[in-house]
Amino acid sequence: MKRGSFARSDSRRGRRAQAGGPLRSGPRRTKGRAPTGSLAGLLAAAAAWGVVACGPSGQDGAGTDPLVKRGRAVYAANCTACHAHDPCRDGNLGPAIAGSSRELLEARVLHGTYPPGYAPKRDTKAMIPLPHLEGEIDALAAYLGAADCSG
Ligand code: HEC
């Protein structure tokens, strides 16, 4: 009889061990996580690209002019840390600058100054000159000049 009761308890333990078995297959699911992660990365990249590709309002009809397109990319890469993505709006630090003249852009971006007689929108001096953009002033002027702030 004693043997029999040992045997029973042994078999109960055995069942418990087996019951734990299927639960351990859980970690295999991590295999499915990799594609999910890279998909999220793709979506994030697509979203980031969308911001650059669609420009400020998407209504400037500028998609066809390569100089405007270039200016949009230069603006997105160099100016939107402070100015708004939509140049018609005030940014974190910098004011709205849609419609800025080439003369103003050259003075402000390359030299940190203003054209003679120009009344600045802000009397702060927070903007650092970005002289490496010397070759991009035309593109910036084309882009900011094409921005349609009516909407
Ligand atoms: C470090 C932040 C910062 C960056 C980067 C920056 N700006 Fe500015 N910008 C400002 C601030 C702040 C002002 C307001 C005047 C000041 O404090 O210098 C300003 C003013 C201006 C003005 C004068 C607006 C007016 O009519 O008075 C223009 C034009 C301008 N920025 C163009 C640009 C362009 C184009 C770029 C990118 C090539 C750029 N800024 C990058 C912060 C920035």
# chains A, B, ... in the order shown; residues from 1 in each chain; ligands from 1

$ closest_atom_pairs --of "chain A" --to "ligand 1" --cutoff "6 Å" --atoms "only C-alpha atoms and all ligand atoms" --output "tab-separated table"
residue	atom	partner	partner_atom_place_in_ligand_line	distance
A:Tyr75	CA	ligand 1	37 (C)	5.4
A:Asn78	CA	ligand 1	37 (C)	4.6
A:Cys79	CA	ligand 1	37 (C)	3.4
A:Ala81	CA	ligand 1	5 (C)	5.5
A:Cys82	CA	ligand 1	2 (C)	4.3
A:His83	CA	ligand 1	7 (N)	6.0
A:Leu93	CA	ligand 1	12 (C)	4.6
A:Gly94	CA	ligand 1	11 (C)	3.7
A:Pro95	CA	ligand 1	13 (C)	5.9
A:Ile97	CA	ligand 1	29 (C)	5.5
A:Ser100	CA	ligand 1	29 (C)	5.6
A:Leu104	CA	ligand 1	29 (C)	5.7
A:Leu105	CA	ligand 1	29 (C)	4.8
A:Arg108	CA	ligand 1	28 (C)	5.7
A:Val109	CA	ligand 1	34 (C)	5.7
A:Pro120	CA	ligand 1	27 (O)	3.6
A:Lys121	CA	ligand 1	27 (O)	3.7
A:Arg122	CA	ligand 1	14 (C)	5.0
A:Thr124	CA	ligand 1	17 (O)	3.7
A:Lys125	CA	ligand 1	18 (O)	3.6
A:Ala126	CA	ligand 1	17 (O)	3.6
A:Met127	CA	ligand 1	18 (O)	3.7
A:Ile128	CA	ligand 1	1 (C)	5.6

$ closest_residue --among "A:Gly99, A:Asn92, A:Leu144, A:His111" --to "Thr80 of chain A" --atoms "only C-alpha atoms"
A:Asn92

$ closest_residue --among "A:Ala98, A:Ala76, A:Ala84, A:Leu67" --to "Ala147 of chain A" --atoms "only C-alpha atoms"
A:Ala98

$ atom_distance --atom1 "atom CA of Leu140 of chain A" --atom2 "atom CA of Pro87 of chain A"
11.0 Å

$ select_by_dssp --residues "segment 69-105 of chain A" --states "helix (DSSP H, G or I)" --output "PyMOL selection string"
chain A and resi 69-78+102-105

$ closest_residue --among "A:Gly112, A:Gly71, A:Pro66, A:Pro129" --to "Ala141 of chain A" --atoms "only C-alpha atoms"
A:Gly71

$ atom_distance --atom1 "atom CA of Arg72 of chain A" --atom2 "atom CA of Pro116 of chain A"
26.8 Å

$ atom_distance --atom1 "atom CA of Ala119 of chain A" --atom2 "atom CA of Val68 of chain A"
26.0 Å

$ residues_around --residues "Arg70 of chain A" --least-positions-apart "6" --cutoff "9 Å" --atoms "only C-alpha atoms" --output "ChimeraX atom specification"
/A:136,139-140,142-143
